[in-house]
Each structure stands twice: as C-alpha cells, then as structure tokens.
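A.B. asks: To be precise about what I am sending: the file is called final11.tsv and holds TSV, C-alpha atoms and all ligand atoms.
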chain	number	residue	atom	x	y	z
A	247	MET	CA	42.83	-3.97	3.92
A	248	SER	CA	46.25	-4.90	2.53
A	249	TYR	CA	48.91	-2.44	1.33
A	250	PRO	CA	49.97	-1.83	-1.29
A	251	ILE	CA	46.98	-2.68	-3.47
A	252	ASP	CA	48.90	-4.37	-6.28
A	253	LEU	CA	46.94	-4.25	-9.54
A	254	ARG	CA	49.98	-4.45	-11.83
A	255	SER	CA	49.17	-8.04	-12.84
A	256	ASP	CA	47.82	-11.36	-11.62
A	257	THR	CA	51.38	-12.66	-12.05
A	258	ILE	CA	52.26	-11.02	-8.70
A	259	THR	CA	50.27	-13.61	-6.75
A	260	LYS	CA	52.19	-15.59	-4.16
A	261	PRO	CA	51.64	-19.25	-3.31
A	262	THR	CA	48.85	-20.04	-0.84
A	263	PRO	CA	49.56	-21.85	2.46
A	264	ALA	CA	48.16	-25.05	0.89
A	265	MET	CA	50.60	-24.65	-2.00
A	266	ARG	CA	53.53	-24.13	0.37
A	267	ARG	CA	52.63	-27.34	2.20
A	268	ALA	CA	52.22	-29.30	-1.03
A	269	MET	CA	55.58	-27.97	-2.26
A	270	ALA	CA	57.36	-28.95	0.92
A	271	GLU	CA	55.93	-32.45	0.83
A	272	ALA	CA	56.13	-33.10	-2.93
A	273	GLU	CA	57.54	-36.40	-4.11
A	274	VAL	CA	60.15	-35.58	-6.74
A	275	GLY	CA	62.52	-37.19	-9.25
A	276	ASP	CA	64.44	-36.23	-12.39
A	277	ASP	CA	61.68	-35.13	-14.74
A	278	VAL	CA	63.95	-35.04	-17.81
A	279	LEU	CA	64.40	-38.78	-17.20
A	280	GLY	CA	60.64	-39.12	-16.67
A	281	ASP	CA	61.03	-39.79	-12.95
A	282	ASP	CA	59.04	-37.01	-11.29
A	283	PRO	CA	55.68	-38.37	-10.10
A	284	THR	CA	54.33	-34.94	-9.14
A	285	VAL	CA	55.04	-33.41	-12.54
A	286	LYS	CA	53.38	-36.41	-14.16
A	287	ARG	CA	50.37	-35.99	-11.90
A	288	LEU	CA	50.05	-32.30	-12.83
A	289	GLU	CA	50.40	-33.04	-16.55
A	290	ALA	CA	47.74	-35.76	-16.40
A	291	LEU	CA	45.40	-33.58	-14.34
A	292	ALA	CA	45.79	-30.64	-16.74
A	293	ALA	CA	45.14	-32.86	-19.77
A	294	GLU	CA	42.07	-34.35	-18.12
A	295	ARG	CA	40.68	-30.94	-17.12
A	296	LEU	CA	41.06	-29.56	-20.65
A	297	GLY	CA	39.89	-32.75	-22.37
A	298	LYS	CA	43.16	-33.50	-24.16
A	299	GLU	CA	45.33	-36.64	-24.27
A	300	ALA	CA	48.50	-35.35	-22.68
A	301	GLY	CA	50.19	-32.43	-20.94
A	302	LEU	CA	53.66	-30.88	-20.69
A	303	PHE	CA	54.79	-28.75	-17.75
A	304	VAL	CA	56.77	-25.68	-18.87
A	305	PRO	CA	58.36	-22.86	-16.86
A	306	SER	CA	56.33	-19.99	-18.35
A	307	GLY	CA	53.49	-18.96	-20.61
A	308	THR	CA	56.03	-17.59	-23.06
A	309	MET	CA	57.72	-20.97	-23.33
A	310	GLY	CA	54.34	-22.69	-23.60
A	311	ASN	CA	53.42	-20.63	-26.65
A	312	LEU	CA	56.87	-20.94	-28.21
A	313	VAL	CA	57.02	-24.72	-27.75
A	314	CYS	CA	53.62	-25.02	-29.45
A	315	LEU	CA	54.48	-22.73	-32.36
A	316	LEU	CA	57.78	-24.59	-32.91
A	317	THR	CA	55.92	-27.89	-32.87
A	318	HIS	CA	53.20	-26.82	-35.29
A	319	CYS	CA	55.36	-24.88	-37.75
A	320	GLY	CA	58.65	-25.34	-39.59
A	321	ARG	CA	60.93	-22.56	-40.87
A	322	GLY	CA	59.11	-20.31	-43.32
A	323	ASP	CA	55.67	-21.51	-42.27
A	324	GLU	CA	53.13	-18.85	-41.38
A	325	VAL	CA	50.97	-18.33	-38.32
A	326	ILE	CA	47.86	-16.14	-38.51
A	327	LEU	CA	47.42	-14.27	-35.24
A	328	GLY	CA	46.05	-11.06	-33.73
A	329	ASP	CA	48.02	-7.83	-33.89
A	330	GLN	CA	47.30	-7.44	-30.15
A	331	ALA	CA	48.25	-11.03	-29.26
A	332	HIS	CA	50.64	-11.53	-26.37
A	333	CYS	CA	52.73	-13.83	-28.53
A	334	TYR	CA	52.94	-11.13	-31.23
A	335	ILE	CA	53.70	-8.18	-28.95
A	336	TYR	CA	55.28	-9.40	-25.72
A	337	GLU	CA	57.31	-12.52	-26.52
A	338	GLN	CA	60.25	-10.92	-28.31
A	339	GLY	CA	59.15	-12.38	-31.63
A	340	GLY	CA	60.56	-15.69	-30.34
A	341	ALA	CA	58.74	-17.79	-32.92
A	342	SER	CA	60.46	-15.93	-35.77
A	343	ALA	CA	63.77	-15.34	-33.98
A	344	LEU	CA	64.21	-18.97	-32.94
A	345	GLY	CA	61.91	-20.88	-35.28
A	346	GLY	CA	61.91	-18.90	-38.54
A	347	ILE	CA	58.10	-18.77	-38.29
A	348	HIS	CA	56.47	-15.98	-40.26
A	349	PRO	CA	53.74	-14.05	-38.40
A	350	ARG	CA	50.66	-12.82	-40.27
A	351	PRO	CA	49.00	-10.35	-37.90
A	352	LEU	CA	45.33	-9.47	-38.42
A	353	PRO	CA	43.60	-6.70	-36.47
A	354	ASN	CA	42.12	-7.87	-33.19
A	355	ARG	CA	38.60	-6.53	-32.78
A	356	PRO	CA	37.86	-4.91	-29.39
A	357	ASP	CA	36.29	-8.20	-28.22
A	358	GLY	CA	39.56	-10.07	-28.82
A	359	THR	CA	38.35	-11.96	-31.89
A	360	LEU	CA	39.70	-11.99	-35.44
A	361	ASP	CA	37.22	-11.52	-38.27
A	362	LEU	CA	36.54	-14.95	-39.80
A	363	GLU	CA	36.49	-13.60	-43.35
A	364	ALA	CA	39.81	-11.84	-42.72
A	365	ILE	CA	41.29	-15.14	-41.50
A	366	GLU	CA	40.03	-16.93	-44.57
A	367	ALA	CA	41.35	-14.20	-46.87
A	368	ALA	CA	44.78	-14.37	-45.21
A	369	ILE	CA	45.26	-18.08	-45.92
A	370	ARG	CA	47.93	-18.41	-48.58
A	371	PRO	CA	47.37	-20.15	-51.89
A	372	ASP	CA	49.68	-23.00	-52.85
A	373	ASP	CA	52.25	-20.74	-54.51
A	374	PRO	CA	56.05	-21.04	-54.35
A	375	HIS	CA	56.35	-17.26	-53.92
A	376	GLN	CA	54.55	-17.32	-50.59
A	377	PRO	CA	55.01	-18.84	-47.17
A	378	ARG	CA	52.76	-21.76	-46.22
A	379	THR	CA	49.94	-21.02	-43.79
A	380	ARG	CA	50.00	-23.67	-41.05
A	381	LEU	CA	48.44	-22.29	-37.94
A	382	ILE	CA	45.85	-19.93	-36.46
A	383	ALA	CA	46.71	-18.67	-32.97
A	384	LEU	CA	44.02	-17.23	-30.68
A	385	GLU	CA	44.16	-15.80	-27.15
A	386	ASN	CA	41.42	-16.38	-24.55
A	387	THR	CA	40.93	-14.36	-22.40
A	388	HIS	CA	42.49	-11.60	-24.45
A	389	ASN	CA	44.95	-9.59	-22.37
A	390	ARG	CA	45.37	-6.42	-24.49
A	391	CYS	CA	41.64	-6.43	-25.27
A	392	GLY	CA	40.88	-5.92	-21.58
A	393	GLY	CA	40.47	-9.57	-20.55
A	394	ALA	CA	37.81	-10.13	-23.22
A	395	VAL	CA	36.32	-13.61	-23.40
A	396	LEU	CA	36.10	-15.40	-26.75
A	397	PRO	CA	32.84	-17.38	-26.57
A	398	VAL	CA	32.41	-21.08	-27.31
A	399	ALA	CA	30.57	-20.42	-30.59
A	400	TYR	CA	33.45	-18.32	-31.93
A	401	MET	CA	36.06	-20.92	-30.94
A	402	ARG	CA	33.94	-23.52	-32.79
A	403	ARG	CA	33.75	-21.45	-35.94
A	404	VAL	CA	37.50	-20.88	-36.02
A	405	GLY	CA	37.99	-24.62	-35.53
A	406	GLU	CA	35.67	-25.42	-38.45
A	407	LEU	CA	37.41	-22.89	-40.66
A	408	ALA	CA	40.82	-24.33	-39.74
A	409	ARG	CA	39.76	-27.90	-40.47
A	410	ARG	CA	38.30	-26.85	-43.82
A	411	HIS	CA	41.70	-25.45	-44.77
A	412	ARG	CA	43.77	-28.18	-43.06
A	413	LEU	CA	45.21	-25.70	-40.59
A	414	LYS	CA	45.86	-26.18	-36.89
A	415	VAL	CA	44.63	-23.97	-34.04
A	416	HIS	CA	46.80	-22.97	-31.09
A	417	LEU	CA	45.30	-21.20	-28.09
A	418	ASP	CA	47.24	-18.92	-25.79
A	419	GLY	CA	44.99	-19.81	-22.90
A	420	ALA	CA	47.13	-18.09	-20.27
A	421	ARG	CA	43.83	-17.12	-18.59
A	422	ILE	CA	41.53	-19.80	-20.06
A	423	PHE	CA	40.05	-20.59	-16.64
A	424	ASN	CA	39.02	-16.95	-16.26
A	425	ALA	CA	37.18	-17.34	-19.57
A	426	ALA	CA	35.50	-20.59	-18.51
A	427	VAL	CA	34.44	-19.16	-15.15
A	428	ALA	CA	33.11	-15.95	-16.76
A	429	LEU	CA	31.07	-17.96	-19.27
A	430	GLY	CA	30.01	-20.61	-16.77
A	431	VAL	CA	31.08	-23.39	-19.13
A	432	ASP	CA	33.35	-26.41	-18.74
A	433	VAL	CA	36.79	-25.39	-19.95
A	434	LYS	CA	36.83	-28.56	-22.11
A	435	GLU	CA	34.05	-27.13	-24.23
A	436	LEU	CA	35.92	-23.89	-24.74
A	437	VAL	CA	39.10	-25.57	-26.02
A	438	ALA	CA	37.53	-28.51	-27.87
A	439	ASP	CA	38.45	-27.02	-31.26
A	440	CYS	CA	42.04	-26.18	-30.33
A	441	ASP	CA	44.85	-28.53	-31.34
A	442	SER	CA	47.12	-27.15	-28.63
A	443	VAL	CA	46.53	-25.00	-25.57
A	444	SER	CA	49.03	-23.33	-23.27
A	445	PHE	CA	47.63	-22.13	-19.95
A	446	CYS	CA	49.23	-20.46	-16.95
A	447	LEU	CA	49.24	-21.68	-13.36
A	448	SER	CA	51.05	-18.59	-12.13
A	449	LYS	CA	48.50	-15.89	-12.95
A	450	GLY	CA	45.03	-15.81	-11.37
A	451	LEU	CA	45.47	-19.37	-10.10
A	452	ALA	CA	48.30	-18.07	-7.86
A	453	ALA	CA	50.92	-20.80	-8.30
A	454	PRO	CA	54.45	-19.39	-8.08
A	455	VAL	CA	55.77	-20.75	-11.40
A	456	GLY	CA	54.65	-22.61	-14.47
A	457	SER	CA	52.32	-23.24	-17.36
A	458	VAL	CA	51.03	-26.42	-18.96
A	459	VAL	CA	50.70	-27.26	-22.66
A	460	VAL	CA	47.97	-29.77	-23.48
A	461	SER	CA	47.32	-31.54	-26.77
A	462	SER	CA	47.40	-35.00	-28.37
A	463	ALA	CA	49.96	-37.51	-27.12
A	464	ASP	CA	51.88	-37.29	-30.44
A	465	PHE	CA	52.03	-33.50	-30.29
A	466	ILE	CA	53.22	-33.54	-26.68
A	467	ARG	CA	56.02	-36.00	-27.58
A	468	GLU	CA	57.33	-33.46	-30.11
A	469	ALA	CA	56.67	-30.52	-27.81
A	470	ARG	CA	58.82	-32.22	-25.16
A	471	ARG	CA	61.74	-32.12	-27.62
A	472	ALA	CA	61.09	-28.40	-28.28
A	473	ARG	CA	61.02	-27.71	-24.55
A	474	LYS	CA	64.39	-29.47	-24.14
A	475	VAL	CA	66.14	-27.49	-26.90
A	476	LEU	CA	64.88	-24.26	-25.32
A	477	GLY	CA	66.47	-25.29	-22.03
A	478	GLY	CA	63.14	-25.94	-20.38
A	479	GLY	CA	63.82	-29.51	-19.25
A	480	MET	CA	63.60	-29.19	-15.46
A	481	ARG	CA	64.87	-31.79	-13.02
A	482	GLN	CA	63.12	-32.10	-9.60
A	483	ALA	CA	60.32	-29.85	-10.85
A	484	GLY	CA	57.74	-31.62	-8.69
A	485	VAL	CA	58.48	-28.98	-6.07
A	486	ILE	CA	56.78	-26.38	-8.28
A	487	ALA	CA	54.34	-28.71	-10.02
A	488	ALA	CA	52.86	-29.49	-6.57
A	489	ALA	CA	51.69	-25.89	-6.31
A	490	GLY	CA	50.21	-26.21	-9.80
A	491	ILE	CA	48.08	-29.16	-8.67
A	492	VAL	CA	46.69	-27.06	-5.82
A	493	ALA	CA	46.10	-24.20	-8.29
A	494	LEU	CA	44.01	-26.45	-10.55
A	495	THR	CA	42.07	-28.14	-7.80
A	496	GLU	CA	41.45	-25.25	-5.38
A	497	MET	CA	41.86	-21.92	-7.14
A	498	VAL	CA	39.66	-22.01	-10.24
A	499	ASP	CA	36.23	-21.22	-8.80
A	500	ARG	CA	37.45	-18.22	-6.81
A	501	LEU	CA	38.40	-16.41	-10.04
A	502	ALA	CA	34.79	-15.18	-9.98
A	503	GLU	CA	35.79	-12.94	-7.04
A	504	ASP	CA	38.52	-11.32	-9.15
A	505	HIS	CA	35.97	-10.73	-11.90
A	506	ALA	CA	33.49	-9.11	-9.51
A	507	ASN	CA	36.26	-6.92	-8.09
A	508	ALA	CA	37.36	-5.85	-11.58
A	509	ARG	CA	33.80	-4.90	-12.52
A	510	ARG	CA	33.39	-2.96	-9.28
A	511	LEU	CA	36.68	-1.13	-9.87
A	512	ALA	CA	35.55	-0.25	-13.40
A	513	GLU	CA	32.18	1.03	-12.16
A	514	GLY	CA	33.87	3.02	-9.41
A	515	ILE	CA	36.33	4.84	-11.65
A	516	ALA	CA	34.36	5.14	-14.92
A	517	GLU	CA	32.65	8.39	-13.90
A	518	LEU	CA	35.80	10.10	-12.63
A	519	PRO	CA	37.21	13.09	-14.56
A	520	GLY	CA	39.40	12.03	-17.48
A	521	ILE	CA	38.62	8.30	-17.39
A	522	VAL	CA	37.22	6.71	-20.53
A	523	LEU	CA	35.87	3.26	-19.75
A	524	ASP	CA	32.65	1.32	-20.28
A	525	PRO	CA	32.35	-0.95	-17.23
A	526	ALA	CA	30.03	-3.27	-19.16
A	527	THR	CA	33.02	-4.37	-21.26
A	528	VAL	CA	34.87	-5.72	-18.20
A	529	GLN	CA	34.22	-9.46	-18.31
A	530	THR	CA	37.08	-10.94	-16.28
A	531	ASN	CA	39.95	-9.67	-14.10
A	532	ILE	CA	41.52	-7.07	-16.43
A	533	VAL	CA	40.45	-3.43	-16.55
A	534	ILE	CA	41.95	-1.36	-19.38
A	535	PHE	CA	40.94	2.27	-19.62
A	536	GLU	CA	42.04	5.47	-21.31
A	537	LEU	CA	42.95	8.70	-19.58
A	538	HIS	CA	42.12	12.06	-21.16
A	539	HIS	CA	42.80	14.42	-18.26
A	540	PRO	CA	43.65	18.15	-18.36
A	541	ARG	CA	46.50	17.83	-15.81
A	542	LEU	CA	47.66	14.25	-15.78
A	543	SER	CA	49.29	11.96	-18.33
A	544	PRO	CA	48.76	8.19	-17.90
A	545	GLN	CA	52.30	7.94	-16.49
A	546	ALA	CA	51.62	10.78	-14.05
A	547	LEU	CA	48.42	9.09	-12.90
A	548	ALA	CA	50.23	5.77	-12.39
A	549	LYS	CA	52.91	7.59	-10.35
A	550	ALA	CA	50.39	9.50	-8.21
A	551	LEU	CA	48.49	6.27	-7.50
A	552	TRP	CA	51.73	4.44	-6.73
A	553	GLU	CA	52.66	7.06	-4.16
A	554	ARG	CA	49.30	6.44	-2.48
A	555	GLY	CA	49.67	2.64	-2.44
A	556	VAL	CA	47.67	1.70	-5.56
A	557	TRP	CA	49.88	0.01	-8.12
A	558	LEU	CA	49.07	-0.38	-11.80
A	559	PHE	CA	50.75	0.07	-15.18
A	560	ALA	CA	50.45	2.61	-17.98
A	561	ILE	CA	50.57	0.36	-21.07
A	562	GLY	CA	51.20	2.80	-23.91
A	563	GLY	CA	49.31	5.64	-25.54
A	564	ARG	CA	46.58	6.86	-23.22
A	565	ARG	CA	45.93	3.42	-21.79
A	566	LEU	CA	46.38	2.02	-18.29
A	567	ARG	CA	45.74	-1.49	-17.00
A	568	ALA	CA	44.60	-2.78	-13.61
A	569	VAL	CA	44.42	-6.51	-12.93
A	570	THR	CA	42.55	-7.90	-9.94
A	571	ASN	CA	43.99	-10.94	-8.23
A	572	TYR	CA	44.00	-13.26	-5.21
A	573	HIS	CA	45.61	-10.67	-2.91
A	574	VAL	CA	43.13	-7.89	-3.66
A	575	THR	CA	39.92	-7.86	-1.61
A	576	ALA	CA	36.59	-6.12	-2.22
A	577	ALA	CA	37.56	-3.63	0.53
A	578	ASP	CA	40.84	-2.92	-1.28
A	579	ILE	CA	38.84	-2.08	-4.40
A	580	GLU	CA	36.74	0.48	-2.50
A	581	ARG	CA	39.94	1.98	-1.14
A	582	ALA	CA	41.50	2.04	-4.63
A	583	VAL	CA	38.43	3.82	-6.05
A	584	ALA	CA	38.71	6.45	-3.30
A	585	VAL	CA	42.39	6.97	-4.13
A	586	PHE	CA	41.58	7.37	-7.84
A	587	ALA	CA	38.95	9.98	-6.93
A	588	GLU	CA	41.41	11.87	-4.73
A	589	VAL	CA	44.04	12.01	-7.49
A	590	LEU	CA	41.75	12.85	-10.43
A	591	ARG	CA	39.53	15.50	-8.84
A	601	LIG	N1	51.38	-11.52	-19.41
A	601	LIG	C1	51.99	-10.59	-18.50
A	601	LIG	C2	52.92	-9.62	-19.22
A	601	LIG	O1	53.81	-10.29	-20.02
A	601	LIG	C3	52.21	-8.61	-20.04
A	601	LIG	C4	50.90	-9.83	-17.78
A	601	LIG	O2	51.23	-9.16	-16.78
A	601	LIG	O3	49.73	-9.91	-18.20
A	601	LIG	N2	50.02	-15.04	-22.70
A	601	LIG	C5	49.32	-14.06	-22.12
A	601	LIG	C6	47.95	-13.76	-22.62
A	601	LIG	C7	49.87	-13.32	-21.06
A	601	LIG	O4	49.16	-12.33	-20.52
A	601	LIG	C8	51.18	-13.64	-20.60
A	601	LIG	C9	51.83	-12.84	-19.50
A	601	LIG	C10	51.85	-14.69	-21.23
A	601	LIG	C11	51.25	-15.37	-22.28
A	601	LIG	C12	53.28	-15.07	-20.85
A	601	LIG	O5	53.33	-15.68	-19.62
A	601	LIG	P1	54.73	-15.71	-18.80
A	601	LIG	O6	54.84	-14.35	-18.17
A	601	LIG	O7	54.51	-16.82	-17.83
A	601	LIG	O8	55.80	-15.99	-19.77
Could you express the structure from this file as structure tokens?
C.D. replies:
Amino acid sequence: MSYPIDLRSDTITKPTPAMRRAMAEAEVGDDVLGDDPTVKRLEALAAERLGKEAGLFVPSGTMGNLVCLLTHCGRGDEVILGDQAHCYIYEQGGASALGGIHPRPLPNRPDGTLDLEAIEAAIRPDDPHQPRTRLIALENTHNRCGGAVLPVAYMRRVGELARRHRLKVHLDGARIFNAAVALGVDVKELVADCDSVSFCLSKGLAAPVGSVVVSSADFIREARRARKVLGGGMRQAGVIAAAGIVALTEMVDRLAEDHANARRLAEGIAELPGIVLDPATVQTNIVIFELHHPRLSPQALAKALWERGVWLFAIGGRRLRAVTNYHVTAADIERAVAVFAEVLR
C-alpha cells in the first residue's frame, strides 16, 4: 500500500526504472538541427504505431494541440469542437489568442461525441460574412466526459463527414492508448480517419515529459515550424524522448490495470451516501462523479479525503474527478473506498 493514494491525475506518474536507465544512456544531439537520434527514433516509432507517415516530439499535450490547430487553420478560420474539449476549456484559448482561430463549440454528449447532424449544421456556407470552417477537433478518450471512449465506427463517420465537406480532422488523443486498450483494437484503426493526432507520453504511459504529434510528412514539416515559433524546439531532447520510447514499448498494455482499478473504485463508492455515479459508465482510468451530500460540499469532501491520504480534485459544480494511474494498486483502491466510506457516513 503506498501513501498518499494520488488520484489527482495520471500526469503525476513518475518515470519507471527502465525509463531512468534509458534516459541516462540516451544518445543525444541538437534536435533543432535534426541531430538527435533518440528523438528521431521516438518520432518514427510513434508514427509507425499510429499508422501515420511522420511524428513530431513536443513538450506537452497543450503544445501538441496548438501546433496542430495552427497548422490546419489560418487567422479567421473556424474549428468545430466540443464545449467540454480540453483544448476549448483548459488551454487558455491558445488557438484564438495566438492563431486567430475561431472556435465553434458544440455540446459534447455524455459519451464524449458530438452529434453528427449538429456538426454538419455548423459547417459554414461560402459567405463573406462568416468565418471559414476548416477543422473538426475530437478528443479520445474524453477527459471531461469521464474518460469516455469514442468508438471506431464514430471516428469513421466523422472522417467521412469531414471528407465530404473538405474539412480536416484533428484528434486530441492525449489518452488514445487508453481508448485502444479499452476497445481491444489496434490504435491505428481508431485514428485512421484523423488527419492529425496529438497523444501524451506523460499521462498513463508514465513518461516524465512529452507528447507526439503524428500526421502526413507534409503536415509534420509545417508543424515543426509551428513548434519552433512557440519556443518548443528542444536541443538534446533525446534524454526525455528515451523515456517516451519505453512508454510506447512497455507501458501500453498495463493501462488495462488502471481501467480495472477505476471501475472497482466506481463500484466501491457508487452506493455511498451522497455519491451520484453509474459505475457502468467508467470505461477507462477516469472516474467523474457528483456529490449531493447533506453535510459536505465537493470541496469539503476533497479536503477530508486529502487529510486521510486520498488525493483527488473537485472540478467545478458538484463534480469530482479521480484518475487511476501506474502508482495506484488494487489494494490502494480498496483502501481509498474505505476512506470514502469513513468520510461520507
Ligand atoms: N489534462 C490534465 C489537466 O490539464 C486537466 C489532466 O490532469 O487531465 N488533452 C487532454 C485530453 C488532457 O487531459 C490534457 C491534460 C491535455 C490535452 C494537455 O496535456 P499537457 O498537460 O501535457 O499540456
């Protein structure tokens, strides 16, 4: 049993011993000059895994999304995206602040999808009064929708719709390997209809830093320019890319353990006083629930749990979020459930 039981996010994961060794031994060079063999190896591996031509190593998921939006869209162009999307809510509006890109938010359904008819209806006509629709951005798994998985068939249908209207599709695939593992499909299949994908190495896969953007070779050439203007050109970045290679080769399959732990946590707390949660909706490593308790606000619950060594976040309104990760064991989950029971009863 490890203390504290840190369920604030999967971003808290620390590098594994194998990652530390790979980092210490990494061959490096100046990656802005194209000299870092380890970064190149990671980019090629990521592209191969996701079935795309090329990859680009970036420092964060936020930069991955921003680089892609800046590459797809010019100033005044519009991106259709979910009103619960990470890149709409949690990225400081970077695409509009830095790129003049106009967001067109549509309601995310509880399963993380956008209604296809609503997408189609939101596409602008060729009219000088209006911005030009360029891009549809999806998120899979969907963070604010409780780690919901967008299935292959849905991704396909959005791809078909986009092609019919000559639009591009970007995927915030921060947790795309969680989605692939939950569905039991090859990740390639899940992203086949996406023109660009940004995925994170430093969440469930436990690398200390970094994300990778994958797409066509032409797109990645342009994205590399966008990364540079944002200050994301890194020099001897092989030191961190080495951990990313271990993340991709050794850490994907074990995500199933995080999913099982999340489901168990949900089942354990769902019946407790004040908790509103259907455990059947927990598909991956994120558990979002509401609290309607006579004594405790969500903030008060988070504080009481914190004091007893169980860490999670209140995320607004009545909602709280717990995220299982590499450092949380099945025994920790049983302990966390017992602490919840103690606080809520
Ligand atoms: N998400 C973080 C917080 O920012 C909320 C978390 O703890 O979940 N896309 C998605 C879907 C994400 O969940 C995140 C991070 C990002 C992008 C941004 O990644 P980073 O933090 O590497 O910039």
A.B. asks: Between A:Asp361, A:Asp256, A:Glu294, A:Asp372, which residue has the minimum interatomic distance to Asn531 (chain A), considering all atoms listed in the file?
C.D. replies: A:Asp256
A.B. asks: If you take only C-alpha atoms and all ligand atoms and a cut-off of 6 Å, which residues of chain A touch ligand LIG 601 (chain A), and what are their nearest atom pairs and distances in Å to one decimal, in chain and number order, as JSON lines?
C.D. replies:
{"residue": "A:Ser255", "atom": "CA", "partner": "A:LIG601", "partner_atom": "O2", "distance": 4.6}
{"residue": "A:Thr257", "atom": "CA", "partner": "A:LIG601", "partner_atom": "O2", "distance": 5.9}
{"residue": "A:Ser306", "atom": "CA", "partner": "A:LIG601", "partner_atom": "O7", "distance": 3.7}
{"residue": "A:Gly307", "atom": "CA", "partner": "A:LIG601", "partner_atom": "O5", "distance": 3.4}
{"residue": "A:Thr308", "atom": "CA", "partner": "A:LIG601", "partner_atom": "O8", "distance": 3.7}
{"residue": "A:His332", "atom": "CA", "partner": "A:LIG601", "partner_atom": "N2", "distance": 5.1}
{"residue": "A:Tyr336", "atom": "CA", "partner": "A:LIG601", "partner_atom": "O1", "distance": 6.0}
{"residue": "A:Asn389", "atom": "CA", "partner": "A:LIG601", "partner_atom": "C6", "distance": 5.1}
{"residue": "A:Asp418", "atom": "CA", "partner": "A:LIG601", "partner_atom": "N2", "distance": 5.7}
{"residue": "A:Ala420", "atom": "CA", "partner": "A:LIG601", "partner_atom": "N2", "distance": 4.9}
A.B. asks: Per residue of region 436-525 of chain A within 9 Å of region 538-542 of chain A, which atom pair is closest and at what distance in Å (one decimal), using only C-alpha atoms, listed by chain and increasing number, as JSON lines?
C.D. replies:
{"residue": "A:Pro519", "atom": "CA", "partner": "A:His539", "partner_atom": "CA", "distance": 6.8}
{"residue": "A:Gly520", "atom": "CA", "partner": "A:His539", "partner_atom": "CA", "distance": 4.2}
{"residue": "A:Ile521", "atom": "CA", "partner": "A:His538", "partner_atom": "CA", "distance": 6.4}
{"residue": "A:Val522", "atom": "CA", "partner": "A:His538", "partner_atom": "CA", "distance": 7.3}
A.B. asks: Please measure the separation of CA of Pro454 (chain A) and CA of Lys549 (chain A), giving the value in Å to one decimal.
C.D. replies: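 Taking CA of Pro454 (chain A) as the start and CA of Lys549 (chain A) as the end point, the length is 27.1 Å.
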A.B. asks: Please tabulate, as JSON lines, the residues of region 336-398 of chain A that come within 9 Å of region 325-329 of chain A, each with its closest pair of atoms and the distance in Å to one decimal, counting all atoms listed in the file and ordering rows by chain, then residue number upward.
C.D. replies:
{"residue": "A:Ile347", "atom": "CA", "partner": "A:Val325", "partner_atom": "CA", "distance": 7.1}
{"residue": "A:His348", "atom": "CA", "partner": "A:Val325", "partner_atom": "CA", "distance": 6.3}
{"residue": "A:Pro349", "atom": "CA", "partner": "A:Val325", "partner_atom": "CA", "distance": 5.1}
{"residue": "A:Arg350", "atom": "CA", "partner": "A:Ile326", "partner_atom": "CA", "distance": 4.7}
{"residue": "A:Pro351", "atom": "CA", "partner": "A:Asp329", "partner_atom": "CA", "distance": 4.8}
{"residue": "A:Leu352", "atom": "CA", "partner": "A:Gly328", "partner_atom": "CA", "distance": 5.0}
{"residue": "A:Pro353", "atom": "CA", "partner": "A:Asp329", "partner_atom": "CA", "distance": 5.2}
{"residue": "A:Asn354", "atom": "CA", "partner": "A:Gly328", "partner_atom": "CA", "distance": 5.1}
{"residue": "A:Arg355", "atom": "CA", "partner": "A:Gly328", "partner_atom": "CA", "distance": 8.8}
{"residue": "A:Gly358", "atom": "CA", "partner": "A:Gly328", "partner_atom": "CA", "distance": 8.2}
{"residue": "A:Thr359", "atom": "CA", "partner": "A:Gly328", "partner_atom": "CA", "distance": 8.0}
{"residue": "A:Leu360", "atom": "CA", "partner": "A:Gly328", "partner_atom": "CA", "distance": 6.6}
{"residue": "A:Ile365", "atom": "CA", "partner": "A:Ile326", "partner_atom": "CA", "distance": 7.3}
{"residue": "A:Ala368", "atom": "CA", "partner": "A:Ile326", "partner_atom": "CA", "distance": 7.6}
{"residue": "A:Ile369", "atom": "CA", "partner": "A:Ile326", "partner_atom": "CA", "distance": 8.1}
{"residue": "A:Arg378", "atom": "CA", "partner": "A:Val325", "partner_atom": "CA", "distance": 8.8}
{"residue": "A:Thr379", "atom": "CA", "partner": "A:Val325", "partner_atom": "CA", "distance": 6.2}
{"residue": "A:Arg380", "atom": "CA", "partner": "A:Val325", "partner_atom": "CA", "distance": 6.1}
{"residue": "A:Leu381", "atom": "CA", "partner": "A:Val325", "partner_atom": "CA", "distance": 4.7}
{"residue": "A:Ile382", "atom": "CA", "partner": "A:Ile326", "partner_atom": "CA", "distance": 4.8}
{"residue": "A:Ala383", "atom": "CA", "partner": "A:Leu327", "partner_atom": "CA", "distance": 5.0}
{"residue": "A:Leu384", "atom": "CA", "partner": "A:Leu327", "partner_atom": "CA", "distance": 6.4}
{"residue": "A:Glu385", "atom": "CA", "partner": "A:Gly328", "partner_atom": "CA", "distance": 8.3}
